[in-house]
$ cat target-v8.tsv   # TSV, C-alpha atoms
chain	number	residue	atom	x	y	z
D	1	MET	CA	-102.70	-17.31	115.60
D	2	PHE	CA	-104.38	-20.72	115.82
D	3	ASP	CA	-107.14	-21.46	118.32
D	4	ARG	CA	-108.93	-24.57	119.48
D	5	HIS	CA	-111.37	-24.50	116.55
D	6	ASP	CA	-108.48	-24.71	114.08
D	7	TYR	CA	-107.15	-27.76	115.89
D	8	TYR	CA	-110.60	-29.33	116.13
D	9	GLU	CA	-111.42	-28.99	112.45
D	10	SER	CA	-107.99	-30.33	111.51
D	11	SER	CA	-108.33	-33.45	113.64
D	12	VAL	CA	-112.02	-34.27	114.08
D	13	GLN	CA	-113.89	-32.88	111.08
D	14	ASN	CA	-113.55	-33.06	107.32
D	15	ALA	CA	-116.76	-31.42	106.17
D	16	PRO	CA	-116.15	-31.62	102.38
D	17	ASP	CA	-115.49	-35.37	102.49
D	18	GLU	CA	-118.29	-36.05	104.95
D	19	ARG	CA	-120.73	-34.05	102.84
D	20	ASP	CA	-120.07	-36.40	99.93
D	21	ILE	CA	-120.63	-39.45	102.16
D	22	LEU	CA	-123.90	-38.03	103.48
D	23	VAL	CA	-125.13	-37.16	99.99
D	24	SER	CA	-124.38	-40.68	98.78
D	25	ILE	CA	-126.36	-42.23	101.64
D	26	ALA	CA	-129.21	-39.73	101.31
D	27	ARG	CA	-129.54	-40.43	97.60
D	28	ARG	CA	-130.01	-44.11	98.35
D	29	GLU	CA	-132.64	-43.43	100.99
D	30	LEU	CA	-134.51	-40.62	99.19
D	31	ARG	CA	-133.83	-41.62	95.57
D	32	ARG	CA	-133.14	-37.97	94.77
D	33	ASP	CA	-130.63	-35.24	95.64
D	34	PRO	CA	-131.35	-33.42	98.92
D	35	LEU	CA	-131.01	-29.66	98.51
D	36	ARG	CA	-132.25	-27.92	101.68
D	37	LEU	CA	-130.21	-28.81	104.77
D	38	ARG	CA	-130.89	-28.40	108.49
D	39	GLU	CA	-127.65	-28.79	110.48
D	40	ASP	CA	-128.34	-29.09	114.21
D	41	PHE	CA	-125.69	-28.50	116.88
D	42	CYS	CA	-123.82	-26.92	113.98
D	43	GLY	CA	-120.89	-25.36	115.88
D	44	SER	CA	-118.86	-23.52	113.26
D	45	ALA	CA	-121.45	-24.59	110.63
D	46	TRP	CA	-118.67	-25.87	108.39
D	47	MET	CA	-121.01	-28.50	106.98
D	48	SER	CA	-123.63	-25.86	106.19
D	49	HIS	CA	-121.06	-23.76	104.35
D	50	VAL	CA	-119.66	-26.61	102.23
D	51	TRP	CA	-123.22	-27.77	101.56
D	52	ALA	CA	-124.22	-24.36	100.16
D	53	GLN	CA	-121.04	-24.29	98.06
D	54	LYS	CA	-122.10	-27.47	96.25
D	55	SER	CA	-124.41	-25.60	93.84
D	56	ARG	CA	-126.65	-22.57	93.60
D	57	ARG	CA	-129.63	-24.77	94.48
D	58	HIS	CA	-128.17	-25.95	97.79
D	59	THR	CA	-129.20	-24.03	100.92
D	60	ALA	CA	-128.50	-24.64	104.59
D	61	LEU	CA	-129.64	-23.60	108.04
D	62	GLY	CA	-127.30	-24.15	110.99
D	63	ILE	CA	-128.67	-24.18	114.55
D	64	ASP	CA	-126.59	-23.88	117.71
D	65	LEU	CA	-126.52	-22.15	121.09
D	66	ASP	CA	-122.89	-20.98	120.82
D	67	ALA	CA	-122.99	-17.66	118.99
D	68	GLU	CA	-119.22	-17.19	119.24
D	69	THR	CA	-118.42	-20.47	117.46
D	70	VAL	CA	-121.05	-19.81	114.78
D	71	ALA	CA	-119.51	-16.37	114.12
D	72	TRP	CA	-116.04	-17.94	113.95
D	73	GLY	CA	-117.32	-20.36	111.32
D	74	HIS	CA	-118.87	-17.61	109.21
D	75	ALA	CA	-115.55	-15.76	109.17
D	76	ARG	CA	-113.57	-18.90	108.38
D	77	HIS	CA	-115.78	-20.77	105.91
D	78	GLY	CA	-118.13	-18.26	104.33
D	79	THR	CA	-117.69	-17.13	100.74
D	80	PRO	CA	-119.35	-14.26	98.87
D	81	ALA	CA	-120.91	-16.75	96.46
D	82	SER	CA	-122.53	-18.98	99.10
D	83	ASP	CA	-123.18	-16.75	102.12
D	84	ALA	CA	-126.66	-15.84	100.93
D	85	ARG	CA	-127.57	-19.53	100.94
D	86	VAL	CA	-126.42	-20.15	104.54
D	87	GLN	CA	-128.51	-19.03	107.50
D	88	THR	CA	-127.89	-19.63	111.19
D	89	LYS	CA	-130.09	-19.50	114.27
D	90	ILE	CA	-128.84	-19.22	117.84
D	91	GLN	CA	-131.44	-21.31	119.63
D	92	ASP	CA	-132.23	-24.67	121.22
D	93	VAL	CA	-132.62	-27.37	118.57
D	94	ARG	CA	-135.80	-28.52	120.31
D	95	LYS	CA	-137.56	-25.24	119.59
D	96	PRO	CA	-140.27	-25.56	116.90
D	97	LEU	CA	-138.88	-24.53	113.54
D	98	ALA	CA	-140.80	-23.76	110.39
D	99	GLY	CA	-139.23	-25.36	107.38
D	100	ASP	CA	-139.49	-27.88	104.63
D	101	PHE	CA	-136.05	-29.47	104.75
D	102	ASP	CA	-134.84	-32.37	102.66
D	103	LEU	CA	-132.16	-33.44	105.11
D	104	ALA	CA	-131.53	-32.84	108.82
D	105	LEU	CA	-128.22	-33.68	110.48
D	106	ALA	CA	-127.07	-34.20	114.07
D	107	LEU	CA	-123.37	-35.01	113.77
D	108	ASN	CA	-120.31	-35.37	116.01
D	109	PHE	CA	-122.51	-37.24	118.51
D	110	SER	CA	-123.84	-33.85	119.59
D	111	TYR	CA	-127.31	-35.08	120.51
D	112	PHE	CA	-125.72	-37.16	123.32
D	113	VAL	CA	-125.90	-33.93	125.35
D	114	LEU	CA	-129.65	-34.64	125.71
D	115	LYS	CA	-129.51	-37.17	128.54
D	116	GLU	CA	-133.19	-37.62	129.39
D	117	ARG	CA	-135.55	-39.66	127.24
D	118	GLU	CA	-138.20	-36.94	127.03
D	119	ALA	CA	-135.63	-34.31	126.04
D	120	LEU	CA	-134.33	-36.44	123.18
D	121	LEU	CA	-137.86	-37.35	122.10
D	122	ASP	CA	-138.82	-33.66	122.03
D	123	TYR	CA	-135.81	-33.00	119.81
D	124	PHE	CA	-136.66	-35.82	117.40
D	125	ARG	CA	-140.24	-34.59	117.16
D	126	SER	CA	-139.01	-31.08	116.36
D	127	VAL	CA	-136.86	-32.43	113.54
D	128	HIS	CA	-139.70	-34.56	112.20
D	129	ARG	CA	-142.04	-31.57	111.98
D	130	SER	CA	-139.48	-29.57	109.98
D	131	LEU	CA	-138.85	-32.19	107.27
D	132	LYS	CA	-140.71	-32.68	104.03
D	133	HIS	CA	-143.56	-35.04	104.81
D	134	ARG	CA	-142.64	-38.55	103.66
D	135	LYS	CA	-139.80	-37.07	101.60
D	136	GLY	CA	-137.31	-35.85	104.21
D	137	LEU	CA	-134.44	-37.68	105.85
D	138	PHE	CA	-132.85	-37.38	109.29
D	139	MET	CA	-129.25	-38.55	109.76
D	140	LEU	CA	-127.31	-38.96	113.00
D	141	ASP	CA	-123.89	-40.39	113.67
D	142	HIS	CA	-123.02	-42.83	116.43
D	143	PHE	CA	-120.01	-44.60	117.83
D	144	GLY	CA	-119.46	-47.71	119.89
D	145	GLY	CA	-117.33	-50.75	120.50
D	146	SER	CA	-115.47	-52.21	123.44
D	147	GLU	CA	-113.01	-49.32	123.62
D	148	ILE	CA	-115.63	-46.68	124.50
D	149	ALA	CA	-115.38	-47.75	128.14
D	150	GLU	CA	-111.57	-47.83	128.14
D	151	PRO	CA	-109.89	-45.05	130.18
D	152	GLU	CA	-106.65	-45.20	128.17
D	153	PRO	CA	-106.35	-42.04	126.00
D	154	THR	CA	-106.05	-42.40	122.24
D	155	ARG	CA	-103.53	-40.26	120.37
D	156	ARG	CA	-103.23	-39.32	116.71
D	157	ARG	CA	-100.84	-37.09	114.78
D	158	CYS	CA	-102.48	-34.27	112.81
D	159	ARG	CA	-101.64	-30.99	111.13
D	160	ILE	CA	-103.39	-27.67	110.63
D	161	PRO	CA	-103.36	-26.81	106.89
D	162	LYS	CA	-100.40	-24.47	106.35
D	163	GLY	CA	-99.86	-24.61	110.10
D	164	PRO	CA	-98.19	-26.63	112.84
D	165	ARG	CA	-98.27	-30.34	113.42
D	166	PHE	CA	-99.85	-31.49	116.66
D	167	THR	CA	-101.06	-34.53	118.57
D	168	TYR	CA	-104.78	-35.00	119.04
D	169	VAL	CA	-105.71	-36.74	122.30
D	170	TRP	CA	-109.13	-38.22	123.13
D	171	GLU	CA	-109.53	-39.09	126.81
D	172	GLN	CA	-112.34	-40.60	128.81
D	173	LEU	CA	-112.63	-38.68	132.07
D	174	ASP	CA	-115.43	-40.68	133.65
D	175	TYR	CA	-117.80	-43.52	132.78
D	176	ASN	CA	-120.93	-44.67	134.61
D	177	PRO	CA	-122.28	-47.87	132.98
D	178	ILE	CA	-125.40	-47.91	135.14
D	179	ALA	CA	-126.66	-44.63	133.65
D	180	ALA	CA	-124.66	-44.84	130.37
D	181	LEU	CA	-123.11	-41.48	131.23
D	182	SER	CA	-119.63	-40.53	130.08
D	183	ARG	CA	-117.35	-37.52	130.21
D	184	TYR	CA	-114.72	-37.09	127.50
D	185	ALA	CA	-112.08	-34.50	126.77
D	186	ILE	CA	-110.09	-33.50	123.72
D	187	HIS	CA	-106.55	-32.23	124.27
D	188	PHE	CA	-104.23	-30.74	121.66
D	189	GLU	CA	-100.45	-30.93	121.93
D	190	PRO	CA	-98.87	-28.63	119.30
D	191	ASP	CA	-95.25	-29.34	118.45
D	192	GLY	CA	-93.00	-26.95	120.32
D	193	ALA	CA	-95.87	-25.16	122.08
D	194	LYS	CA	-97.89	-25.37	125.27
D	195	PRO	CA	-100.56	-28.12	125.23
D	196	LEU	CA	-104.22	-27.13	125.09
D	197	ARG	CA	-105.62	-29.32	127.87
D	198	LYS	CA	-109.37	-29.96	127.90
D	199	ALA	CA	-109.86	-27.81	124.82
D	200	PHE	CA	-113.27	-29.48	124.54
D	201	VAL	CA	-115.09	-31.41	127.26
D	202	TYR	CA	-118.22	-33.49	126.64
D	203	ASP	CA	-120.73	-34.64	129.23
D	204	TRP	CA	-122.84	-37.22	127.40
D	205	ARG	CA	-125.31	-40.03	127.66
D	206	VAL	CA	-124.19	-42.65	125.17
D	207	TRP	CA	-127.52	-43.83	123.79
D	208	THR	CA	-127.72	-47.33	122.33
D	209	LEU	CA	-128.88	-48.02	118.79
D	210	PRO	CA	-132.09	-49.83	119.89
D	211	GLU	CA	-132.97	-46.92	122.19
D	212	LEU	CA	-132.53	-44.46	119.34
D	213	LYS	CA	-134.61	-46.56	116.95
D	214	ASP	CA	-137.47	-46.71	119.46
D	215	LEU	CA	-137.34	-42.96	120.04
D	216	LEU	CA	-137.17	-42.13	116.33
D	217	GLU	CA	-140.20	-44.27	115.59
D	218	GLU	CA	-142.09	-42.80	118.54
D	219	ALA	CA	-141.35	-39.33	117.13
D	220	GLY	CA	-142.96	-40.32	113.82
D	221	PHE	CA	-139.99	-41.51	111.76
D	222	ARG	CA	-139.98	-44.71	109.74
D	223	ASP	CA	-137.50	-46.89	107.85
D	224	VAL	CA	-134.67	-46.57	110.39
D	225	HIS	CA	-131.42	-47.97	108.96
D	226	TYR	CA	-127.76	-48.19	110.00
D	227	TYR	CA	-124.72	-47.53	107.83
D	228	PHE	CA	-121.41	-48.92	109.14
D	229	GLU	CA	-117.96	-48.15	107.83
D	230	ASP	CA	-116.31	-51.20	106.26
D	231	ASP	CA	-112.62	-51.97	106.08
D	232	ASP	CA	-112.47	-50.16	102.72
D	233	ARG	CA	-113.83	-47.01	104.45
D	234	VAL	CA	-117.14	-47.18	102.60
D	235	PHE	CA	-120.37	-46.84	104.58
D	236	ARG	CA	-122.85	-49.61	103.77
D	237	ARG	CA	-126.27	-50.38	105.17
D	238	ARG	CA	-126.07	-53.17	107.73
D	239	ALA	CA	-128.54	-55.18	109.80
D	240	SER	CA	-125.81	-56.42	112.16
D	241	CYS	CA	-122.39	-55.33	113.41
D	242	LYS	CA	-119.29	-57.45	113.90
D	243	PRO	CA	-118.97	-58.23	117.61
D	244	ASP	CA	-115.17	-57.94	117.50
D	245	TYR	CA	-115.17	-54.25	116.53
D	246	LYS	CA	-113.15	-52.36	119.15
D	247	THR	CA	-114.49	-49.10	117.81
D	248	TRP	CA	-116.96	-48.29	115.11
D	249	ILE	CA	-118.60	-45.28	113.53
D	250	ALA	CA	-122.08	-45.49	112.03
D	251	TYR	CA	-124.75	-43.26	110.53
D	252	ILE	CA	-128.41	-43.71	111.40
D	253	THR	CA	-131.01	-42.73	108.82
D	254	ALA	CA	-134.73	-42.22	109.42
D	255	ARG	CA	-137.45	-41.20	106.95
D	256	ALA	CA	-139.98	-38.55	107.91

$ encode --input "target-v8.tsv" --output "structure tokens"
Amino acid sequence: MFDRHDYYESSVQNAPDERDILVSIARRELRRDPLRLREDFCGSAWMSHVWAQKSRRHTALGIDLDAETVAWGHARHGTPASDARVQTKIQDVRKPLAGDFDLALALNFSYFVLKEREALLDYFRSVHRSLKHRKGLFMLDHFGGSEIAEPEPTRRRCRIPKGPRFTYVWEQLDYNPIAALSRYAIHFEPDGAKPLRKAFVYDWRVWTLPELKDLLEEAGFRDVHYYFEDDDRVFRRRASCKPDYKTWIAYITARA
């Protein structure tokens, strides 16, 4: 029996491939291999699990408020060899956290849920305090382009491994440009089965890159850089973005 998490991970995430992209970028920024990971808004903690499976030296801590999704991820992605190196906490990511992490992640645009400036600043400060002083790295993803304000749904064909084919649908439900507030929904349409409407709904503030840079630096971070995906699907550090991009995905890096 497949549920919405199966569909999500088969259409939105590819943790093993993204781990390799993140490691490549982190190596450039840190000039060493990051080993201890903090994954915020971790959901099923798939990234934490594939991170710990990289080697016996790799450890991960996933943080999220959704205990049910975290438990689903443990059952789906945990292995006897790596489980001891993966920890999870069910708590607000803004809560002070003792640690000495090499790398902290906020992926899938999850931090957009923090709509007020002070709330996002509190979160950034919490991350900064948990990283290795002057040796840790914080990475966030971001998206943009002219199509983010378009109400027309986007559709893509996908398949659950050893499971059914389905259509992934991303729809903008509402957009307020004055406050930069958006509501999005993900729908899944399995072949020959009842659609899963509004399987995931997101109520976000879409922060701009300059706003994020200012907040990161105010929280104590330095050396803020942007990595954009080129036509060859390689992420490279950029100081500017092509104005004709309809959609783009980027990673933001900040040194502690």

$ closest_residue --input "target-v8.tsv" --among "D:Arg205, D:Lys213, D:Arg38, D:His77" --to "Leu181 (chain D)" --atoms "only C-alpha atoms"
D:Arg205

$ atom_distance --input "target-v8.tsv" --atom1 "CA of Arg31 (chain D)" --atom2 "CA of Gly43 (chain D)"
29.1 Å

$ residues_around --input "target-v8.tsv" --residues "region 246-248 of chain D" --least-positions-apart "6" --cutoff "10 Å" --atoms "all atoms listed in the file" --output "list in words"
His142, Phe143, Gly144, Gly145, Ser146, Glu147, Ile148, Phe228, Glu229 and Asp230 of chain D

$ write_last_selection --input "target-v8.tsv" --atoms "C-alpha atoms" --output "short mmCIF file (atom, residue, chain, number, x, y, z; two decimals), in the coordinates of the input"
data_model
loop_
_atom_site.label_atom_id
_atom_site.label_comp_id
_atom_site.auth_asym_id
_atom_site.auth_seq_id
_atom_site.Cartn_x
_atom_site.Cartn_y
_atom_site.Cartn_z
CA HIS D 142 -123.02 -42.83 116.43
CA PHE D 143 -120.01 -44.60 117.83
CA GLY D 144 -119.46 -47.71 119.89
CA GLY D 145 -117.33 -50.75 120.50
CA SER D 146 -115.47 -52.21 123.44
CA GLU D 147 -113.01 -49.32 123.62
CA ILE D 148 -115.63 -46.68 124.50
CA PHE D 228 -121.41 -48.92 109.14
CA GLU D 229 -117.96 -48.15 107.83
CA ASP D 230 -116.31 -51.20 106.26
#

$ closest_residue --input "target-v8.tsv" --among "D:Trp204, D:Phe101, D:Tyr226, D:Trp46" --to "Gly73 (chain D)" --atoms "only C-alpha atoms"
D:Trp46

$ atom_distance --input "target-v8.tsv" --atom1 "CA of Lys242 (chain D)" --atom2 "CA of Tyr227 (chain D)"
12.8 Å

$ closest_atom_pairs --input "target-v8.tsv" --of "region 163-191 of chain D" --to "region 112-131 of chain D" --cutoff "12 Å" --atoms "all atoms listed in the file" --output "CSV"
residue,atom,partner,partner_atom,distance
D:Ala179,CA,D:Lys115,CA,9.5
D:Ala180,CA,D:Lys115,CA,9.3
D:Leu181,CA,D:Lys115,CA,8.2
D:Ser182,CA,D:Phe112,CA,9.7
D:Arg183,CA,D:Val113,CA,10.5
D:Tyr184,CA,D:Phe112,CA,11.8

$ atom_distance --input "target-v8.tsv" --atom1 "CA of Ala106 (chain D)" --atom2 "CA of Asn176 (chain D)"
23.9 Å

$ residues_around --input "target-v8.tsv" --residues "Phe166 (chain D)" --least-positions-apart "6" --cutoff "8 Å" --atoms "all atoms listed in the file" --output "list in words"
Arg157, Cys158, Arg159, Ile160, Phe188, Glu189, Pro190 and Asp191 of chain D

$ residues_around --input "target-v8.tsv" --residues "Phe221 (chain D)" --least-positions-apart "5" --cutoff "7 Å" --atoms "all atoms listed in the file" --output "PyMOL selection string"
chain D and resi 128+216+254-256

$ closest_residue --input "target-v8.tsv" --among "D:Lys89, D:Lys162, D:Arg222, D:Arg237" --to "His133 (chain D)" --atoms "only C-alpha atoms"
D:Arg222

$ residues_around --input "target-v8.tsv" --residues "Val86 (chain D)" --least-positions-apart "3" --cutoff "8 Å" --atoms "all atoms listed in the file" --output "PyMOL selection string"
chain D and resi 48-49+52+59-62+82-83

$ write_last_selection --input "target-v8.tsv" --atoms "C-alpha atoms" --output "PDB file, in the coordinates of the input"
ATOM      1  CA  SER D  48    -123.630 -25.860 106.190  1.00  0.00           C
ATOM      2  CA  HIS D  49    -121.060 -23.760 104.350  1.00  0.00           C
ATOM      3  CA  ALA D  52    -124.220 -24.360 100.160  1.00  0.00           C
ATOM      4  CA  THR D  59    -129.200 -24.030 100.920  1.00  0.00           C
ATOM      5  CA  ALA D  60    -128.500 -24.640 104.590  1.00  0.00           C
ATOM      6  CA  LEU D  61    -129.640 -23.600 108.040  1.00  0.00           C
ATOM      7  CA  GLY D  62    -127.300 -24.150 110.990  1.00  0.00           C
ATOM      8  CA  SER D  82    -122.530 -18.980  99.100  1.00  0.00           C
ATOM      9  CA  ASP D  83    -123.180 -16.750 102.120  1.00  0.00           C
TER      10      ASP D  83
END

$ residues_near_point --input "target-v8.tsv" --point "(-129.2, -50.4, 110.6)" --cutoff "12 Å" --atoms "all atoms listed in the file" --output "ChimeraX atom specification"
/D:139-142,209-210,212-213,223-229,235-241,250-254

$ residues_near_point --input "target-v8.tsv" --point "(-127.7, -36.5, 93.7)" --cutoff "12 Å" --atoms "only C-alpha atoms" --output "list in words"
Arg19, Asp20, Ile21, Leu22, Val23, Ser24, Ile25, Ala26, Arg27, Arg28, Glu29, Leu30, Arg31, Arg32, Asp33, Pro34, Leu35, Lys54, Ser55, Arg57 and His58 of chain D

$ closest_atom_pairs --input "target-v8.tsv" --of "region 78-175 of chain D" --to "region 196-199 of chain D" --cutoff "12 Å" --atoms "all atoms listed in the file" --output "CSV"
residue,atom,partner,partner_atom,distance
D:Phe166,CA,D:Leu196,CA,10.4
D:Thr167,CA,D:Leu196,CA,10.4
D:Tyr168,CA,D:Leu196,CA,9.9
D:Val169,CA,D:Arg197,CA,9.3
D:Trp170,CA,D:Lys198,CA,9.5
D:Glu171,CA,D:Lys198,CA,9.2
D:Gln172,CA,D:Lys198,CA,11.1
D:Leu173,CA,D:Lys198,CA,10.2

$ residues_around --input "target-v8.tsv" --residues "Ser44 (chain D)" --least-positions-apart "5" --cutoff "8 Å" --atoms "all atoms listed in the file" --output "count of residues only"
6

$ decode --input "target-v8.tsv" --residues "region 216-229 of chain D" --atoms "N, CA, C and O atoms" --output "PDB file, in the first residue's frame"
ATOM      1  N   LEU D 216      21.118  36.295   7.338  1.00  0.00           N
ATOM      2  CA  LEU D 216      22.217  35.381   7.667  1.00  0.00           C
ATOM      3  C   LEU D 216      23.385  36.151   8.279  1.00  0.00           C
ATOM      4  O   LEU D 216      23.976  35.713   9.286  1.00  0.00           O
ATOM      5  N   GLU D 217      23.730  37.265   7.692  1.00  0.00           N
ATOM      6  CA  GLU D 217      24.845  38.051   8.223  1.00  0.00           C
ATOM      7  C   GLU D 217      24.510  38.647   9.582  1.00  0.00           C
ATOM      8  O   GLU D 217      25.367  38.700  10.479  1.00  0.00           O
ATOM      9  N   GLU D 218      23.253  39.051   9.778  1.00  0.00           N
ATOM     10  CA  GLU D 218      22.840  39.564  11.082  1.00  0.00           C
ATOM     11  C   GLU D 218      22.910  38.471  12.146  1.00  0.00           C
ATOM     12  O   GLU D 218      23.190  38.748  13.324  1.00  0.00           O
ATOM     13  N   ALA D 219      22.679  37.224  11.745  1.00  0.00           N
ATOM     14  CA  ALA D 219      22.741  36.098  12.681  1.00  0.00           C
ATOM     15  C   ALA D 219      24.170  35.673  12.994  1.00  0.00           C
ATOM     16  O   ALA D 219      24.373  34.808  13.852  1.00  0.00           O
ATOM     17  N   GLY D 220      25.152  36.242  12.297  1.00  0.00           N
ATOM     18  CA  GLY D 220      26.549  35.926  12.575  1.00  0.00           C
ATOM     19  C   GLY D 220      27.272  35.172  11.482  1.00  0.00           C
ATOM     20  O   GLY D 220      28.463  34.878  11.616  1.00  0.00           O
ATOM     21  N   PHE D 221      26.574  34.834  10.392  1.00  0.00           N
ATOM     22  CA  PHE D 221      27.215  34.113   9.296  1.00  0.00           C
ATOM     23  C   PHE D 221      28.036  35.064   8.431  1.00  0.00           C
ATOM     24  O   PHE D 221      27.844  36.285   8.447  1.00  0.00           O
ATOM     25  N   ARG D 222      28.933  34.482   7.663  1.00  0.00           N
ATOM     26  CA  ARG D 222      29.782  35.245   6.756  1.00  0.00           C
ATOM     27  C   ARG D 222      29.925  34.469   5.454  1.00  0.00           C
ATOM     28  O   ARG D 222      29.511  33.319   5.355  1.00  0.00           O
ATOM     29  N   ASP D 223      30.525  35.106   4.469  1.00  0.00           N
ATOM     30  CA  ASP D 223      30.810  34.448   3.184  1.00  0.00           C
ATOM     31  C   ASP D 223      29.558  33.775   2.622  1.00  0.00           C
ATOM     32  O   ASP D 223      29.521  32.575   2.369  1.00  0.00           O
ATOM     33  N   VAL D 224      28.509  34.560   2.406  1.00  0.00           N
ATOM     34  CA  VAL D 224      27.266  34.037   1.834  1.00  0.00           C
ATOM     35  C   VAL D 224      27.425  33.941   0.317  1.00  0.00           C
ATOM     36  O   VAL D 224      27.768  34.927  -0.344  1.00  0.00           O
ATOM     37  N   HIS D 225      27.182  32.760  -0.235  1.00  0.00           N
ATOM     38  CA  HIS D 225      27.332  32.536  -1.676  1.00  0.00           C
ATOM     39  C   HIS D 225      26.098  31.823  -2.223  1.00  0.00           C
ATOM     40  O   HIS D 225      25.325  31.206  -1.481  1.00  0.00           O
ATOM     41  N   TYR D 226      25.956  31.892  -3.560  1.00  0.00           N
ATOM     42  CA  TYR D 226      24.814  31.297  -4.248  1.00  0.00           C
ATOM     43  C   TYR D 226      25.305  30.331  -5.321  1.00  0.00           C
ATOM     44  O   TYR D 226      26.180  30.675  -6.114  1.00  0.00           O
ATOM     45  N   TYR D 227      24.714  29.152  -5.328  1.00  0.00           N
ATOM     46  CA  TYR D 227      25.034  28.133  -6.336  1.00  0.00           C
ATOM     47  C   TYR D 227      23.788  27.879  -7.174  1.00  0.00           C
ATOM     48  O   TYR D 227      22.767  27.407  -6.658  1.00  0.00           O
ATOM     49  N   PHE D 228      23.889  28.187  -8.478  1.00  0.00           N
ATOM     50  CA  PHE D 228      22.772  27.994  -9.400  1.00  0.00           C
ATOM     51  C   PHE D 228      23.039  26.802 -10.298  1.00  0.00           C
ATOM     52  O   PHE D 228      24.187  26.509 -10.648  1.00  0.00           O
ATOM     53  N   GLU D 229      21.952  26.141 -10.664  1.00  0.00           N
ATOM     54  CA  GLU D 229      22.057  24.986 -11.553  1.00  0.00           C
ATOM     55  C   GLU D 229      22.164  25.456 -13.002  1.00  0.00           C
ATOM     56  O   GLU D 229      21.309  26.186 -13.505  1.00  0.00           O
TER      57      GLU D 229
END
